[in-house]
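Engineer: Dropping the structure in here first, questions after.
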There are 2 protein chains.
Amino acid sequence: MNHFLVLATGGETRVLLTLFIMLFAAKLLGELFERLRQPAVAGEILAGVIIGPSLLGWAAPSEITGLLAEIGVIFLLFLVGLETKPAAIFKVGKQAAIVAVLGVVAPFLGGWLLMKAWGGTSIEALFVGTAMVATSVGITARVLSGMGLLDAPTARIILGAAVIDDILGLLVLAIVSSMAAGTINYFEILTTAGLAIGFTVFIALVGAPVVTRLVPQVTRMRTGHGIFIFGLVLCLGLSVAAAYIGVAAIIGAFLAGMALAEAAEDDSKMHRHMNGVTEFLVPFFLVNIGMQLRLDVFRSWPVIVLCVLVTLVAIATKFLGCGLGAINLGTRRAAQVGMGMVPRGEVGIIVAQIGLSLAVIGAELYGVVLFMAVATTLIAPPFLKWFYACEAAARKEIGPPDAGGIVASGDFCKIG
Amino acid sequence: MNHFLVLATGGETRVLLTLFIMLFAAKLLGELFERLRQPAVAGEILAGVIIGPSLLGWAAPSEITGLLAEIGVIFLLFLVGLETKPAAIFKVGKQAAIVAVLGVVAPFLGGWLLMKAWGGTSIEALFVGTAMVATSVGITARVLSGMGLLDAPTARIILGAAVIDDILGLLVLAIVSSMAAGTINYFEILTTAGLAIGFTVFIALVGAPVVTRLVPQVTRMRTGHGIFIFGLVLCLGLSVAAAYIGVAAIIGAFLAGMALAEAAEDDSKMHRHMNGVTEFLVPFFLVNIGMQLRLDVFRSWPVIVLCVLVTLVAIATKFLGCGLGAINLGTRRAAQVGMGMVPRGEVGIIVAQIGLSLAVIGAELYGVVLFMAVATTLIAPPFLKWFYACEAAARKEIGPPDAGGIVASGDFCKIG
């Protein structure tokens, strides 16, 4: 390589190489998993584990891979929102709230008790509990959208519960973090709560009518692709607003998509454009999660045992907590909801990073929490595919809901 | 904003805000320019000037905006390649070579003479000449693809000439840089030349047949969107390979697109997916060019005068040099080719950065070259729109080439 060009473009070329490796590995393992009748999502995360610092060391998480991952999951949730009309979520609101609350309480208590029993400090126990509260809805959304089941009744419950879960998780994190810092600022926590709830409710209620009014003007834009560009700007704008308020950026993206869902319903061109963006960017989100895994902290048996215990408790408490919240729908659907909330992914990783930066948890416990976040994310997709097998089969036989599929698949798969 | 979350996600949120501002400003000014019957491209670059450090200071070029810009122009050139069959380029190969050579010699001499006359050192004169050689084909490609004229005969000449121009520019840069360093390493320069030419010729000749054989297998992939994903991987892969060899990454992307052009010809779904990616990312490329402009070096009259002179010479030499190379096609088409090669954009900026990092040019001259790179990029699009007005009108009346439009628009607009 010409060494004068390296001066100016060497860093960029290396980053491009990293991105190429990430994309190629993701698509390769995704395809392999599909052929083994496993979900591609798990393959793409595993690709990150393999090429990441734990194993091959061909790529490592950086500010840039983190940003592409973030944009990827933002547009993924936007796309999921696009296929979710507000009314469909409001209808399952109460059920989603019960699922979310139980799915916060059970893992928090589970994590706290486990760490206490293990002999951890109080603050360590609180932080592990908090990390277990997190839910990475992107993983489940990706699996369900890949199966064409985003409009399944339990999918709506999972999406609604994830929004509420994120707000509750934010509050738990604010409280535990301020306890770690020594003083609890009740005013700040109340402000956080008020802002987060206010933002979400406001966009959920007012977003769709406002957007629906804007769309006719947008389609008259000269630049072409009007709605798509409007969607991009709206999605990024609400993501940033959500992040500044303290909610996850993906919640803003999801609400943006939902606000546009009715207006863009018949715009297949816009859906394809958006699909192109997510197909390109979502692999970075998945691979980036896998790359976070660091196996080098597992040098002693106690750490390995703790890893397995934390992961098992994380899965059991979320699965049972959320499942209990949906038990009135029958055990099969309760299992779908419970498993849909199991992945902790990037949200669990962020909580772990906060714990590390506040010096509340050490490098070893950080590694344990990262393991739990990645492992729950890898384990859920195959089970989800299994639990939704009936709906997927019904969808294939009877067709999509607008051909009468909703009723059919709903009835067909009710008992199980 | 919750200050505990800031700890972990504050940096990312700020970056997201920057991206939102860039996208929003680009689309706003693009739309405004369209309404004023000016090309959107110029509006998007101007958006970068306005929000950039020179004026409002709302956003600044960084490693991340640079990377998104790079990915944006890579996929833009890939998309342009997708609409360019290899045979169409080979047919104009000789003409493109003449255009490229004259378009390298004239600006280099012009820049060198101007700096000598201005009283610059020899190495300064050589570097300004080198910066004037650069051509940013992305700008012209974006204007022409927006007008639906990528298949116009002169568009093919411009694309072919840009590939050759890039290789020649690489060699000029290698020679001048080694002169600046004190010793000319002939072996390295010859290796650079051999690799660059070998890579380009190899992919141009062998790419299409190999890819056409692979595509049937790719469409059988389980993950869906097979060709699109194959295209993404191929595009990134060849871009990285090109960059490591020393050619611009966009040349690799263009060749990747061209190799896939025949196989993906009828795949409108893939084109839409790809369109979605470029519509999202290309604004970052354009805004990032505009943001490079620094007006703070222009504190004295001599610098301002030099800026204007360098820009005028850059425009005149490229326009006349490349135009002369295509004069056999008539003055109107010669003017199209000449103006199509005028934008220096990101390539001129990279040369300036190399000059600065080698301490060959100072901060002031660096600012002058940046001004030239941005100004040529802003000036060309309106002229291009004007020079191609006849083809655009003919395309509207007679339809695309597969409906007989090529012959018609070719004949219809020949004299002028």
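Ordered as shown in the structure tokens, chains take letters A, B, and onward, while each chain numbers its residues from 1 and ligands are numbered from 1 in the order shown.
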Restrict the distance test to only C-alpha atoms, flag each residue of chain B within 7 Å of chain A, and return the flagged residues as number ranges by chain.

Structural biologist: B: 1-2, 4-5, 7-8, 12-13, 16-17, 20, 23-24, 31, 34-35, 64, 67, 174, 177, 192, 222-223, 233, 236-237, 240, 243-246, 272-277, 350, 353-354

Engineer: Please list as a list in words every residue within 6 Å of region 366-378 of chain A, counting only C-alpha atoms and excluding residues in the same chain fewer than 4 positions away.

Structural biologist: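 Here the answer would be Ala42, Cys307, Thr311, Pro343, Arg344, Gly345, Gly348, Ile349 and Ala352 of chain A.
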
Engineer: Can you tell me, as a PyMOL selection string, what residues are no more than 10 Å from Ala263 (chain B) when counting only C-alpha atoms, ignoring any on the same chain fewer than 6 positions away?

Structural biologist: chain B and resi 82+208-209+211-216+227

Engineer: Going by DSSP on the backbone, which residues of region 190-234 of chain A come out as helix (DSSP H, G or I)? List them as a PyMOL selection string.

Structural biologist: chain A and resi 190-218+226-234

Engineer: For Trp118 (chain B), which of B:Ala334, B:Leu309, B:Ile203, B:Ala152 is the closest residue, counting only C-alpha atoms?

Structural biologist: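 Among the listed residues, B:Leu309 lies closest to Trp118 (chain B).
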
Engineer: One decimal, Å: what's the distance from CA of Ser268 (chain A) over to CA of Glu83 (chain B), could you say?

Structural biologist: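 It comes out at 22.4 Å.
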
Engineer: Excluding Arg294 (chain B) and residues on its chain fewer than 3 positions from it, collect all residues at most 7 Å away from it, counting only C-alpha atoms, and give them as a ChimeraX atom specification.

Structural biologist: /B:53-54,297,367

Engineer: Neighbouring residues of Gly325 (chain A) were defined as those with any atom within 9 Å, considering only C-alpha atoms; residues of the same chain fewer than 6 positions away were excluded. Please report them as a list in words.

Structural biologist: Gln95, Ala96, Ala97, Ile98, Val99, Ala100, Val101, Leu102, Gly103, Ala334, Val337 and Gly338 of chain A

Engineer: Go ahead and save the residues from that selection, with N, CA and C atoms, as a PDB file, in the first residue's frame.

Structural biologist:
ATOM      1  N   GLN A  95     -52.236  -5.435  29.739  1.00  0.00           N
ATOM      2  CA  GLN A  95     -51.489  -6.697  29.798  1.00  0.00           C
ATOM      3  C   GLN A  95     -49.978  -6.441  29.740  1.00  0.00           C
ATOM      4  N   ALA A  96     -49.569  -5.540  28.840  1.00  0.00           N
ATOM      5  CA  ALA A  96     -48.138  -5.233  28.692  1.00  0.00           C
ATOM      6  C   ALA A  96     -47.583  -4.659  29.984  1.00  0.00           C
ATOM      7  N   ALA A  97     -48.375  -3.818  30.653  1.00  0.00           N
ATOM      8  CA  ALA A  97     -47.904  -3.201  31.897  1.00  0.00           C
ATOM      9  C   ALA A  97     -47.667  -4.259  32.970  1.00  0.00           C
ATOM     10  N   ILE A  98     -48.597  -5.214  33.065  1.00  0.00           N
ATOM     11  CA  ILE A  98     -48.424  -6.287  34.068  1.00  0.00           C
ATOM     12  C   ILE A  98     -47.163  -7.095  33.751  1.00  0.00           C
ATOM     13  N   VAL A  99     -47.001  -7.438  32.465  1.00  0.00           N
ATOM     14  CA  VAL A  99     -45.816  -8.194  32.047  1.00  0.00           C
ATOM     15  C   VAL A  99     -44.547  -7.420  32.402  1.00  0.00           C
ATOM     16  N   ALA A 100     -44.547  -6.123  32.104  1.00  0.00           N
ATOM     17  CA  ALA A 100     -43.344  -5.320  32.333  1.00  0.00           C
ATOM     18  C   ALA A 100     -43.005  -5.255  33.818  1.00  0.00           C
ATOM     19  N   VAL A 101     -44.019  -4.992  34.654  1.00  0.00           N
ATOM     20  CA  VAL A 101     -43.757  -4.827  36.093  1.00  0.00           C
ATOM     21  C   VAL A 101     -43.221  -6.134  36.690  1.00  0.00           C
ATOM     22  N   LEU A 102     -43.896  -7.244  36.392  1.00  0.00           N
ATOM     23  CA  LEU A 102     -43.416  -8.518  36.919  1.00  0.00           C
ATOM     24  C   LEU A 102     -42.028  -8.855  36.349  1.00  0.00           C
ATOM     25  N   GLY A 103     -41.803  -8.446  35.097  1.00  0.00           N
ATOM     26  CA  GLY A 103     -40.513  -8.704  34.453  1.00  0.00           C
ATOM     27  C   GLY A 103     -39.405  -7.787  34.955  1.00  0.00           C
ATOM     28  N   ALA A 334     -47.908 -17.479  27.129  1.00  0.00           N
ATOM     29  CA  ALA A 334     -47.135 -16.940  28.247  1.00  0.00           C
ATOM     30  C   ALA A 334     -45.648 -17.236  28.031  1.00  0.00           C
ATOM     31  N   VAL A 337     -44.239 -14.785  25.468  1.00  0.00           N
ATOM     32  CA  VAL A 337     -43.977 -13.466  26.047  1.00  0.00           C
ATOM     33  C   VAL A 337     -42.746 -13.528  26.947  1.00  0.00           C
ATOM     34  N   GLY A 338     -42.691 -14.567  27.809  1.00  0.00           N
ATOM     35  CA  GLY A 338     -41.562 -14.680  28.729  1.00  0.00           C
ATOM     36  C   GLY A 338     -40.240 -14.772  27.999  1.00  0.00           C
TER      37      GLY A 338
END

Engineer: Counting only C-alpha atoms, what is within 8 Å of Val137 (chain B), bar same-chain residues fewer than 2 positions away, as a list in words?

Structural biologist: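 Near neighbours after the sequence-gap exclusion: Thr135, Ile139, Thr140, Ala141, Ile158, Leu159, Ala162, Gly340, Met341 and Pro343 of chain B.
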
Engineer: Keeping only N, CA and C atoms, write the selected residues to a file as a CSV table (one decimal), in the first residue's frame.

Structural biologist:
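Just written: selection.csv:
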chain,number,residue,atom,x,y,z
B,135,THR,N,-10.1,14.3,-8.9
B,135,THR,CA,-11.5,14.5,-9.3
B,135,THR,C,-12.4,13.7,-8.4
B,139,ILE,N,-19.7,13.5,-6.9
B,139,ILE,CA,-20.6,14.7,-7.0
B,139,ILE,C,-21.3,14.6,-8.4
B,140,THR,N,-20.5,14.4,-9.5
B,140,THR,CA,-21.1,14.4,-10.8
B,140,THR,C,-22.1,13.2,-10.9
B,141,ALA,N,-21.6,12.1,-10.4
B,141,ALA,CA,-22.5,10.9,-10.4
B,141,ALA,C,-23.8,11.1,-9.8
B,158,ILE,N,-17.2,10.2,-18.6
B,158,ILE,CA,-16.8,10.8,-17.3
B,158,ILE,C,-16.5,9.7,-16.3
B,159,LEU,N,-17.3,8.6,-16.2
B,159,LEU,CA,-17.0,7.6,-15.2
B,159,LEU,C,-15.7,6.9,-15.6
B,162,ALA,N,-12.8,9.1,-14.8
B,162,ALA,CA,-12.6,9.2,-13.4
B,162,ALA,C,-11.8,8.1,-12.8
B,340,GLY,N,-18.1,17.9,-15.8
B,340,GLY,CA,-18.3,16.7,-15.0
B,340,GLY,C,-17.0,16.3,-14.2
B,341,MET,N,-15.9,16.8,-14.7
B,341,MET,CA,-14.6,16.4,-14.0
B,341,MET,C,-14.2,17.5,-13.1
B,343,PRO,N,-15.4,18.9,-10.1
B,343,PRO,CA,-15.4,18.8,-8.7
B,343,PRO,C,-14.2,18.1,-8.1

Engineer: Would you mind reading off the distance between CA of Ala131 (chain A) and CA of Trp386 (chain A), one decimal, in Å?

Structural biologist: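 These two atoms are separated by 26.6 Å.
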
Engineer: Identify, on the basis of only C-alpha atoms, every residue whose closest approach to Val49 (chain A) does not exceed 7 Å; exclude the query and any residue fewer than 4 positions from it along the same chain; express the result as a ChimeraX atom specification.

Structural biologist: /A:45,54-55,290-291,293

Engineer: Could you state the separation of CA of Val105 (chain A) and CA of Thr317 (chain A) in Å, given to one decimal place?

Structural biologist: 8.9 Å
